[in-house]
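Colleague: I have a structure here, written as structure tokens, and I will follow up with some questions on it.
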Amino acid sequence: MYIVDNQWASPKLLFIFLILRDFKTVQGNFVFIPGPQVFTNVDITLLENNRIVYLELEEPNRFFVNEAWFHHFDYDKYFSKVLSICPYTTYWLNTKYGTDNRSHTFIPINEETIPPPVPKLWDIMYAGHVVSNAIAKDLAVISEFKYRFISNDNNPLVTNRAVCNNEKLKLISESKITLTHSLLYPTDQHINFIKKLEGMEHNEAFCMLEKGVVPQIKGRTFEAALCRSLILCKRDYWNVIERYFKPDVHFLYYEENNLRDRIREILSDYDAYTCIVDEAYKKAQEYTVQSFFCKYIQPL
């Protein structure tokens with residue numbers, strides 16, 4: 001096995017590469033390419049002469065922009081196996097091309113980066129960008145509590161800016177609740193480009209496009225489970241989180257207009273929810289780099 005270096009990777013993805021390189025027992029004539037990948041940096045002969053296994057972490061949003069380095073349409077033909085985090089795009093493209101080379105997967109988290117259990121210092125935390133009014137509204141609510149907000153956005157509510165991956169995981173571990181959602185918010189320009197794609201109406205991920213939302217599972221959902229922080233996820237049309245975790249067993253939902261009451265309810269008797277935290281932690285062992293290797297790479 002050969003693993004392509006990614007010069008555009010986040011620290012979290014680099015951890016995936018480093019851990020996979022430690023599995024010395026891997027044999028076989030194939031190339032594993034963890035995404036996202038700038039394919040112009042990859043030797044084309046490597047793609048032409050090997051079986052290519054690609055971890056697709058940018059679906060369905062790779063269809064948002066007309067940037068070849070990001071959507072990599074011209075390189076898809078080289079992939080003999082695609083492991084995608086989007087179940088809807090996986091089904092759509094398998095059906096469209098009459099193939100079964102795509103499989104739905106999870107976002108592998110390096111278990112070695114997870115900090116040990118620590119005392120809870122914060123009521124609730126959120127990590128991400130303020131890309132919609134809905135997110136801004138939720139952030140205004142959590143700011144009423146003892147909160148942490150990790151982001152590079154120029155937003156006055158940000159408490160921790162440009163933190164490293166280890167610091168982010170530490171803050172999650174210190175938080176009783178991690179606020180999550182499983183949505184993308186495409187702009188009008190994104191929507192216009194998606195509409196030009198042949199057969200896009202058959203991809204369930206785009207069925208609510210006119211309302212400006214698209215589903216995508218977030219890595220911080222898995223991180224919260226491994227860091228023993230209670231997952232509080234926004235309910236939406238797709239609820240893609242349920243493909244990985246069970247509501248009221250591994251996580252809790254909140255609705256559009258009840259976030260404040262939901263947080264107060266949880267904090268009023270947080271110990272009553274520790275069983276959910278524990279069950280989520282157990283379930284998340286299925287979503288580590290070790291599990292990813294055993295399930296997808298080792299059989300190759």
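Residues are referred to by chain and number: the chain letter is A, B, ... according to the order shown in the structure tokens, the number counts from 1 in that chain, and ligands are numbered separately from 1 in the order shown.
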Report as JSON lines the residues of segment 179-283 of chain A within 7 Å of segment 110-128 of chain A, each with its shortest atom pair and distance in Å (one decimal), using only C-alpha atoms, ordered by chain and increasing residue number.

Modeller:
```
{"residue": "A:Leu179", "atom": "CA", "partner": "A:Tyr126", "partner_atom": "CA", "distance": 5.3}
{"residue": "A:Thr180", "atom": "CA", "partner": "A:Tyr126", "partner_atom": "CA", "distance": 7.0}
{"residue": "A:Leu226", "atom": "CA", "partner": "A:Ile114", "partner_atom": "CA", "distance": 6.9}
{"residue": "A:Cys227", "atom": "CA", "partner": "A:Ile114", "partner_atom": "CA", "distance": 6.3}
```

Colleague: Which parts of segment 25-173 of chain A does DSSP call alpha helix (DSSP H) when run on the backbone here, written out as a CSV table (one decimal) with C-alpha atoms, in the first residue's frame?

Modeller:
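Below you can see selection-v7.csv, which holds the result:
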```csv
chain,number,residue,atom,x,y,z
A,44,ILE,CA,-0.6,10.7,-12.8
A,45,THR,CA,1.3,7.5,-13.4
A,46,LEU,CA,0.6,6.5,-9.8
A,47,LEU,CA,-3.1,6.9,-10.6
A,48,GLU,CA,-3.0,5.0,-13.9
A,68,ALA,CA,-11.2,21.5,-10.5
A,69,TRP,CA,-8.7,21.2,-7.7
A,70,PHE,CA,-11.6,20.8,-5.3
A,71,HIS,CA,-14.3,18.9,-7.2
A,87,PRO,CA,-24.7,8.2,2.0
A,88,TYR,CA,-26.9,10.1,-0.5
A,89,THR,CA,-24.1,10.9,-2.9
A,90,THR,CA,-22.8,7.3,-2.5
A,91,TYR,CA,-26.2,5.9,-3.6
A,92,TRP,CA,-26.7,8.5,-6.3
A,93,LEU,CA,-23.3,7.9,-8.1
A,94,ASN,CA,-23.5,4.1,-7.7
A,95,THR,CA,-26.9,4.2,-9.3
A,96,LYS,CA,-26.0,6.7,-12.0
A,97,TYR,CA,-23.0,4.8,-13.2
A,133,ASN,CA,-28.3,33.0,10.5
A,134,ALA,CA,-29.4,29.7,12.1
A,135,ILE,CA,-25.9,29.1,13.5
A,136,ALA,CA,-25.6,32.8,14.7
A,137,LYS,CA,-28.9,32.4,16.5
A,138,ASP,CA,-27.8,29.3,18.3
A,139,LEU,CA,-24.5,30.9,19.3
A,140,ALA,CA,-26.3,33.8,20.8
A,141,VAL,CA,-28.2,31.3,23.0
A,142,ILE,CA,-25.2,29.4,24.2
A,165,ASN,CA,-6.4,20.1,17.2
A,166,ASN,CA,-5.2,19.0,20.6
A,167,GLU,CA,-6.4,22.2,22.2
A,168,LYS,CA,-9.8,21.8,20.5
A,169,LEU,CA,-10.2,18.2,21.8
A,170,LYS,CA,-9.2,19.4,25.3
A,171,LEU,CA,-11.9,22.0,25.3
A,172,ILE,CA,-14.5,19.5,24.1
A,173,SER,CA,-13.4,17.2,27.0
```

Colleague: Could you tell me how far atom CA of Ser291 of chain A sits from atom CA of Asn61 of chain A, in Å to one decimal place?

Modeller: 25.3 Å

Colleague: As a count of residues only, list the residues of segment 45-275 of chain A assigned to strand (DSSP E or B) by DSSP on the backbone atoms of this structure.

Modeller: 47

Colleague: Kindly indicate which residue among A:Val249, A:Ile33, A:Val240, A:Val38 lies nearest to Tyr54 of chain A, using only C-alpha atoms for the distances.

Modeller: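 Among the listed residues, A:Ile33 lies closest to Tyr54 of chain A.
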
Colleague: I'd like the neighbourhood of Arg62 of chain A as a list in words, where a residue qualifies if any of its atoms comes within 12 Å (using only C-alpha atoms), though same-chain residues fewer than 5 positions away should be ignored.

Modeller: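 Answer for this query is Gly35, Pro36, Gln37, Glu56, Leu57, Glu67, Ala68, Trp69, Phe70, His71, His72, Phe73, Ser84, Ile85, Cys86, Thr89, Leu184, Pro186, His190, Phe193, Ile194, Leu197, Val214 and Gln216 of chain A.
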
Colleague: A:Tyr296, A:Phe251, A:Phe63, A:Tyr75: which is nearest Ile177 of chain A, counting only C-alpha atoms?

Modeller: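 Between A:Tyr296, A:Phe251, A:Phe63, A:Tyr75, the residue approaching Ile177 of chain A most closely is A:Phe251.
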
Colleague: I'd like to know which of A:Met208, A:Pro215, A:Asp74, A:Ile150 is closest to Glu58 of chain A, using only C-alpha atoms.

Modeller: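 Ranking A:Met208, A:Pro215, A:Asp74, A:Ile150 by distance to Glu58 of chain A, first place goes to A:Pro215.
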
Colleague: What is the distance, in Å and to one decimal place, between atom CA of Cys164 of chain A and atom CA of Gly219 of chain A?

Modeller: 15.0 Å

Colleague: Take atom CA of Ile217 of chain A and atom CA of Asn101 of chain A and report the distance between them in Å, one decimal.

Modeller: 21.0 Å

Colleague: Find the residues around Leu252 of chain A up to 8 Å (only C-alpha atoms counted), leave out those fewer than 5 positions away in its own chain, and share them as JSON, numbers by chain.

Modeller: {"A": [230, 231, 232, 233, 247]}
